[in-house]
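Colleague: This is the structure, below, for whatever I ask next.
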Amino acid sequence: SSITASMTQLRQLSWRFDKNLSTLRKYLRSHRISTRLSMRILKYVEYKLAAQKQEIKDSDVQLLSILSAPLQMELVQETCEPVLTRHPFFRQYALISPAAMREACTKAVQHISISIGDNVFVEQKKAESMMFLVKGRLHYTMSRRKTSEALTTALGHGDWCSEAALWTDWEHMGSMQAMENCEILAVFPTRFIDVTRMHRRSLRGTIAYSAQFLEWLNRRASSSSASLSDLHVIDPGLAGEVTT
């Protein structure tokens with residue numbers, strides 16, 4: 001019967017899981033991996049497997065492969081856009097040209113999984129992308145140059161960091177560590193600019209916004225009372241420049 005077949009399939013999946021986990025443990029022991037790192041790896045594997053049971057991936061839905069390219073792009077857009085548009089710039093960007101936003105979500109954005117305890121980035125490393133936190137909790141730590149005091153800021157769902165990476169060569173001013181297993185959307189600057197160049201209305205506004213952002217950043221860099229950070233908290237009105 002179909003019930004018997006389903007139970008058999010579940011037992012086979014459980015057997016494969018136990019076997020793979022046992023193999024992983026043997027690998028960690030045979031390579032003399034430290035207990036601390038072994039525990040982190042095993043916990044992350046368990047987290048990812050549990051997440052896979054709860055979430056349906058694109059690869060699990062065979063019918064998605066027969067969708068037209070435009071439909072696939074719209075599908076990706078509806079998963080990414082609600083996260084990106086928490087930022088005022090991307091909110092305006094999407095309003096001006098939904099087509100540009102659709103293409104950016106498809107070509108310039110990547111989903112990244114981070115394990116608890118991972119260093120997302122470290123101070124003075126070149127920034128590769130702007131990041132939005134979709135799930136989990138991050139801690140950003142930056143040292144005050146004058147006092148050597150370390151300041152730590154917690155980031156939660158919807159927060160972003162390293163926007164400057166989109167508009168200039170940027171080195172991280174602090175370090176970011178995952179306090180929980182995290183899911184991140186990363187916007188890669190070269191891909192984003194390549195997409196934007198193909199959409200005239202979005203390009204004009206983006207050029208204006210980036211110039212204003214860099215002017216704001218330079219003012220902070222030259223100010224004796226302000227310090228540069230990867231957590232850019234700018235004047236909300238600045239995003240209005242994208243509409244020009």
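Labels used: A, B, ... for chains in the order of the structure tokens, numbers from 1 for residues in each chain, and numbers from 1 for ligands as shown.
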Could you go through range 55-218 of chain A and tell me which residues DSSP, when run on the backbone, assigns to helix (DSSP H, G or I), listing them as a PyMOL selection string?

Modeller: chain A and resi 58-60+62-66+69-84+88-96+98-107+163-166+189-196+200-218

Colleague: Give me the residues near Tyr44 in chain A as a PyMOL selection string, where near means some atom within 8 Å (using only C-alpha atoms) and where sequence neighbours in that chain fewer than 5 positions away do not count.

Modeller: chain A and resi 115-116+181

Colleague: Write the residues of the preceding selection, restricted to all heavy atoms, as an mmCIF file, in the first residue's frame.

Modeller:
```
data_model
loop_
_atom_site.group_PDB
_atom_site.id
_atom_site.type_symbol
_atom_site.label_atom_id
_atom_site.label_comp_id
_atom_site.auth_asym_id
_atom_site.auth_seq_id
_atom_site.Cartn_x
_atom_site.Cartn_y
_atom_site.Cartn_z
ATOM 1 N N SER A 115 27.281 29.790 10.131
ATOM 2 C CA SER A 115 27.171 28.964 11.337
ATOM 3 C C SER A 115 27.463 29.777 12.589
ATOM 4 O O SER A 115 28.272 30.716 12.568
ATOM 5 C CB SER A 115 28.152 27.786 11.245
ATOM 6 O OG SER A 115 28.161 27.038 12.451
ATOM 7 N N ILE A 116 26.836 29.420 13.683
ATOM 8 C CA ILE A 116 27.077 30.074 14.961
ATOM 9 C C ILE A 116 28.572 30.037 15.273
ATOM 10 O O ILE A 116 29.228 29.012 15.126
ATOM 11 C CB ILE A 116 26.265 29.399 16.097
ATOM 12 C CG1 ILE A 116 26.482 30.136 17.415
ATOM 13 C CG2 ILE A 116 26.582 27.919 16.223
ATOM 14 C CD1 ILE A 116 25.575 29.652 18.541
ATOM 15 N N ASN A 181 22.986 30.545 14.312
ATOM 16 C CA ASN A 181 23.011 30.180 12.902
ATOM 17 C C ASN A 181 22.216 31.236 12.138
ATOM 18 O O ASN A 181 21.100 31.586 12.528
ATOM 19 C CB ASN A 181 22.410 28.796 12.685
ATOM 20 C CG ASN A 181 23.259 27.704 13.301
ATOM 21 O OD1 ASN A 181 24.478 27.711 13.181
ATOM 22 N ND2 ASN A 181 22.621 26.755 13.977
#
```

Colleague: When you look at Ser202 in chain A with a cut-off of 8 Å (counting only C-alpha atoms), what residues show up, excluding the ones that are within fewer than 4 positions of it in the same chain? I need them as a list in words.

Modeller: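 So, after excluding close chain neighbours, the residues are Tyr93, Ile96, Ser97, Ala100, Thr196, Thr206 and Val242 of chain A.
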
Colleague: Could you pull out the residues in range 8-233 of chain A that DSSP calls strand (DSSP E or B) from the backbone, as a compact mmCIF listing (two decimals) with N, CA and C atoms, in the first residue's frame?

Modeller:
```
# COMPACT_ATOMS: atom_id res chain seq x y z
N VAL A 109 22.19 39.30 -6.14
CA VAL A 109 21.95 38.92 -4.74
C VAL A 109 22.20 37.42 -4.56
N GLN A 110 22.84 37.09 -3.47
CA GLN A 110 23.14 35.68 -3.16
C GLN A 110 22.76 35.36 -1.72
N HIS A 111 22.19 34.19 -1.53
CA HIS A 111 21.82 33.73 -0.19
C HIS A 111 23.01 32.99 0.43
N ILE A 112 23.36 33.36 1.66
CA ILE A 112 24.52 32.77 2.34
C ILE A 112 24.10 32.28 3.72
N SER A 113 24.52 31.08 4.07
CA SER A 113 24.28 30.51 5.40
C SER A 113 25.54 30.66 6.25
N ILE A 114 25.36 31.07 7.51
CA ILE A 114 26.47 31.29 8.43
C ILE A 114 26.24 30.46 9.68
N ASN A 119 33.12 33.89 11.93
CA ASN A 119 33.44 35.29 11.66
C ASN A 119 32.91 35.63 10.27
N VAL A 120 31.94 36.50 10.22
CA VAL A 120 31.38 36.91 8.93
C VAL A 120 32.41 37.75 8.17
N PHE A 121 33.07 38.65 8.89
CA PHE A 121 34.22 39.39 8.35
C PHE A 121 35.05 39.90 9.51
N LYS A 126 38.97 43.60 2.96
CA LYS A 126 38.19 44.25 1.92
C LYS A 126 36.76 43.71 1.93
N MET A 130 27.37 44.18 0.33
CA MET A 130 26.48 44.70 1.36
C MET A 130 25.63 43.54 1.84
N MET A 131 25.37 43.45 3.14
CA MET A 131 24.69 42.29 3.69
C MET A 131 23.43 42.67 4.45
N PHE A 132 22.40 41.84 4.27
CA PHE A 132 21.13 41.97 4.99
C PHE A 132 20.92 40.69 5.80
N LEU A 133 20.60 40.85 7.07
CA LEU A 133 20.37 39.68 7.92
C LEU A 133 18.92 39.23 7.81
N VAL A 134 18.72 38.02 7.33
CA VAL A 134 17.37 37.47 7.14
C VAL A 134 16.92 36.70 8.37
N LYS A 135 17.86 36.01 8.98
CA LYS A 135 17.52 35.15 10.13
C LYS A 135 18.74 35.02 11.02
N LEU A 138 23.64 38.62 14.84
CA LEU A 138 25.06 38.91 14.63
C LEU A 138 25.53 39.94 15.64
N HIS A 139 26.81 39.90 15.97
CA HIS A 139 27.43 40.91 16.83
C HIS A 139 28.54 41.60 16.05
N TYR A 140 28.44 42.94 16.00
CA TYR A 140 29.47 43.74 15.33
C TYR A 140 30.31 44.42 16.40
N THR A 141 31.63 44.24 16.33
CA THR A 141 32.53 44.81 17.33
C THR A 141 33.53 45.73 16.64
N MET A 142 33.65 46.94 17.19
CA MET A 142 34.58 47.92 16.63
C MET A 142 35.31 48.61 17.78
N SER A 143 36.61 48.82 17.62
CA SER A 143 37.41 49.48 18.65
C SER A 143 37.42 50.98 18.42
N ALA A 150 36.28 48.69 23.11
CA ALA A 150 35.54 47.92 22.10
C ALA A 150 34.04 48.12 22.28
N LEU A 151 33.38 48.49 21.21
CA LEU A 151 31.93 48.66 21.22
C LEU A 151 31.29 47.52 20.43
N THR A 152 30.27 46.90 21.01
CA THR A 152 29.58 45.79 20.35
C THR A 152 28.13 46.16 20.10
N THR A 153 27.68 45.91 18.87
CA THR A 153 26.31 46.19 18.47
C THR A 153 25.67 44.91 17.96
N ALA A 154 24.44 44.64 18.41
CA ALA A 154 23.72 43.44 17.98
C ALA A 154 22.89 43.76 16.74
N LEU A 155 22.90 42.85 15.77
CA LEU A 155 22.08 42.98 14.57
C LEU A 155 21.06 41.85 14.55
N TRP A 160 21.12 45.70 8.23
CA TRP A 160 22.09 45.57 7.15
C TRP A 160 23.43 46.16 7.59
N CYS A 161 24.46 45.87 6.81
CA CYS A 161 25.79 46.42 7.10
C CYS A 161 26.60 46.52 5.80
N GLU A 171 37.17 48.86 3.26
CA GLU A 171 37.73 47.89 4.19
C GLU A 171 36.91 47.92 5.47
N SER A 175 34.68 43.95 13.21
CA SER A 175 34.50 42.52 12.97
C SER A 175 33.06 42.12 13.25
N MET A 176 32.59 41.12 12.51
CA MET A 176 31.22 40.63 12.68
C MET A 176 31.25 39.13 12.95
N GLN A 177 30.53 38.71 13.99
CA GLN A 177 30.48 37.29 14.35
C GLN A 177 29.04 36.83 14.51
N ALA A 178 28.79 35.60 14.10
CA ALA A 178 27.44 35.04 14.22
C ALA A 178 27.24 34.50 15.63
N CYS A 182 22.80 31.76 11.07
CA CYS A 182 22.23 32.91 10.38
C CYS A 182 22.04 32.65 8.89
N GLU A 183 21.07 33.37 8.33
CA GLU A 183 20.86 33.40 6.88
C GLU A 183 20.99 34.86 6.45
N ILE A 184 21.78 35.07 5.40
CA ILE A 184 22.11 36.42 4.95
C ILE A 184 21.83 36.56 3.46
N LEU A 185 21.38 37.75 3.05
CA LEU A 185 21.34 38.10 1.64
C LEU A 185 22.48 39.07 1.38
N ALA A 186 23.35 38.72 0.44
CA ALA A 186 24.50 39.55 0.10
C ALA A 186 24.27 40.18 -1.27
N VAL A 187 24.47 41.51 -1.34
CA VAL A 187 24.36 42.23 -2.62
C VAL A 187 25.78 42.53 -3.09
```

Colleague: Taking into account only C-alpha atoms, which residue in the set A:Tyr209, A:Leu166, A:His157, A:Cys105 is nearest to Pro88 in chain A?

Modeller: A:Tyr209

Colleague: Which residues come within 9 Å of His172 in chain A, counting only C-alpha atoms, excluding same-chain residues fewer than 2 positions away, as a ChimeraX atom specification?

Modeller: /A:121-127,162,170,174-175,229-230

Colleague: Output N, CA and C atoms for every residue in the selection just made, as a PDB file, in the first residue's frame.

Modeller:
```
ATOM      1  N   PHE A 121      33.070  38.654   8.893  1.00  0.00           N
ATOM      2  CA  PHE A 121      34.216  39.388   8.351  1.00  0.00           C
ATOM      3  C   PHE A 121      35.047  39.900   9.512  1.00  0.00           C
ATOM      4  N   VAL A 122      36.271  40.320   9.209  1.00  0.00           N
ATOM      5  CA  VAL A 122      37.176  40.832  10.236  1.00  0.00           C
ATOM      6  C   VAL A 122      37.654  42.221   9.835  1.00  0.00           C
ATOM      7  N   GLU A 123      38.134  42.955  10.808  1.00  0.00           N
ATOM      8  CA  GLU A 123      38.592  44.323  10.597  1.00  0.00           C
ATOM      9  C   GLU A 123      39.711  44.378   9.561  1.00  0.00           C
ATOM     10  N   GLN A 124      39.650  45.373   8.701  1.00  0.00           N
ATOM     11  CA  GLN A 124      40.638  45.701   7.672  1.00  0.00           C
ATOM     12  C   GLN A 124      40.593  44.754   6.465  1.00  0.00           C
ATOM     13  N   LYS A 125      39.656  43.828   6.452  1.00  0.00           N
ATOM     14  CA  LYS A 125      39.502  42.986   5.261  1.00  0.00           C
ATOM     15  C   LYS A 125      38.628  43.727   4.241  1.00  0.00           C
ATOM     16  N   LYS A 126      38.970  43.598   2.965  1.00  0.00           N
ATOM     17  CA  LYS A 126      38.188  44.250   1.917  1.00  0.00           C
ATOM     18  C   LYS A 126      36.763  43.715   1.926  1.00  0.00           C
ATOM     19  N   ALA A 127      35.796  44.634   1.919  1.00  0.00           N
ATOM     20  CA  ALA A 127      34.386  44.235   1.917  1.00  0.00           C
ATOM     21  C   ALA A 127      33.985  43.757   0.529  1.00  0.00           C
ATOM     22  N   SER A 162      27.674  47.302   5.875  1.00  0.00           N
ATOM     23  CA  SER A 162      28.648  47.431   4.784  1.00  0.00           C
ATOM     24  C   SER A 162      28.061  47.979   3.496  1.00  0.00           C
ATOM     25  N   TRP A 170      36.038  49.432   0.003  1.00  0.00           N
ATOM     26  CA  TRP A 170      35.791  49.592   1.440  1.00  0.00           C
ATOM     27  C   TRP A 170      36.457  48.473   2.218  1.00  0.00           C
ATOM     28  N   GLY A 174      35.417  47.052  11.484  1.00  0.00           N
ATOM     29  CA  GLY A 174      35.268  46.226  12.676  1.00  0.00           C
ATOM     30  C   GLY A 174      35.103  44.769  12.277  1.00  0.00           C
ATOM     31  N   SER A 175      34.680  43.952  13.209  1.00  0.00           N
ATOM     32  CA  SER A 175      34.496  42.519  12.968  1.00  0.00           C
ATOM     33  C   SER A 175      33.056  42.116  13.253  1.00  0.00           C
ATOM     34  N   SER A 229      32.196  53.385  10.468  1.00  0.00           N
ATOM     35  CA  SER A 229      31.716  52.075  10.903  1.00  0.00           C
ATOM     36  C   SER A 229      31.137  51.342   9.703  1.00  0.00           C
ATOM     37  N   ASP A 230      30.999  50.033   9.833  1.00  0.00           N
ATOM     38  CA  ASP A 230      30.314  49.253   8.801  1.00  0.00           C
ATOM     39  C   ASP A 230      28.804  49.351   8.943  1.00  0.00           C
TER      40      ASP A 230
END
```

Colleague: For each of A:His87, A:His31, A:Lys19, A:Lys48, take the minimum atom-to-atom distance to His232 in chain A, counting only C-alpha atoms, then give the residue where this is smallest.

Modeller: A:His87
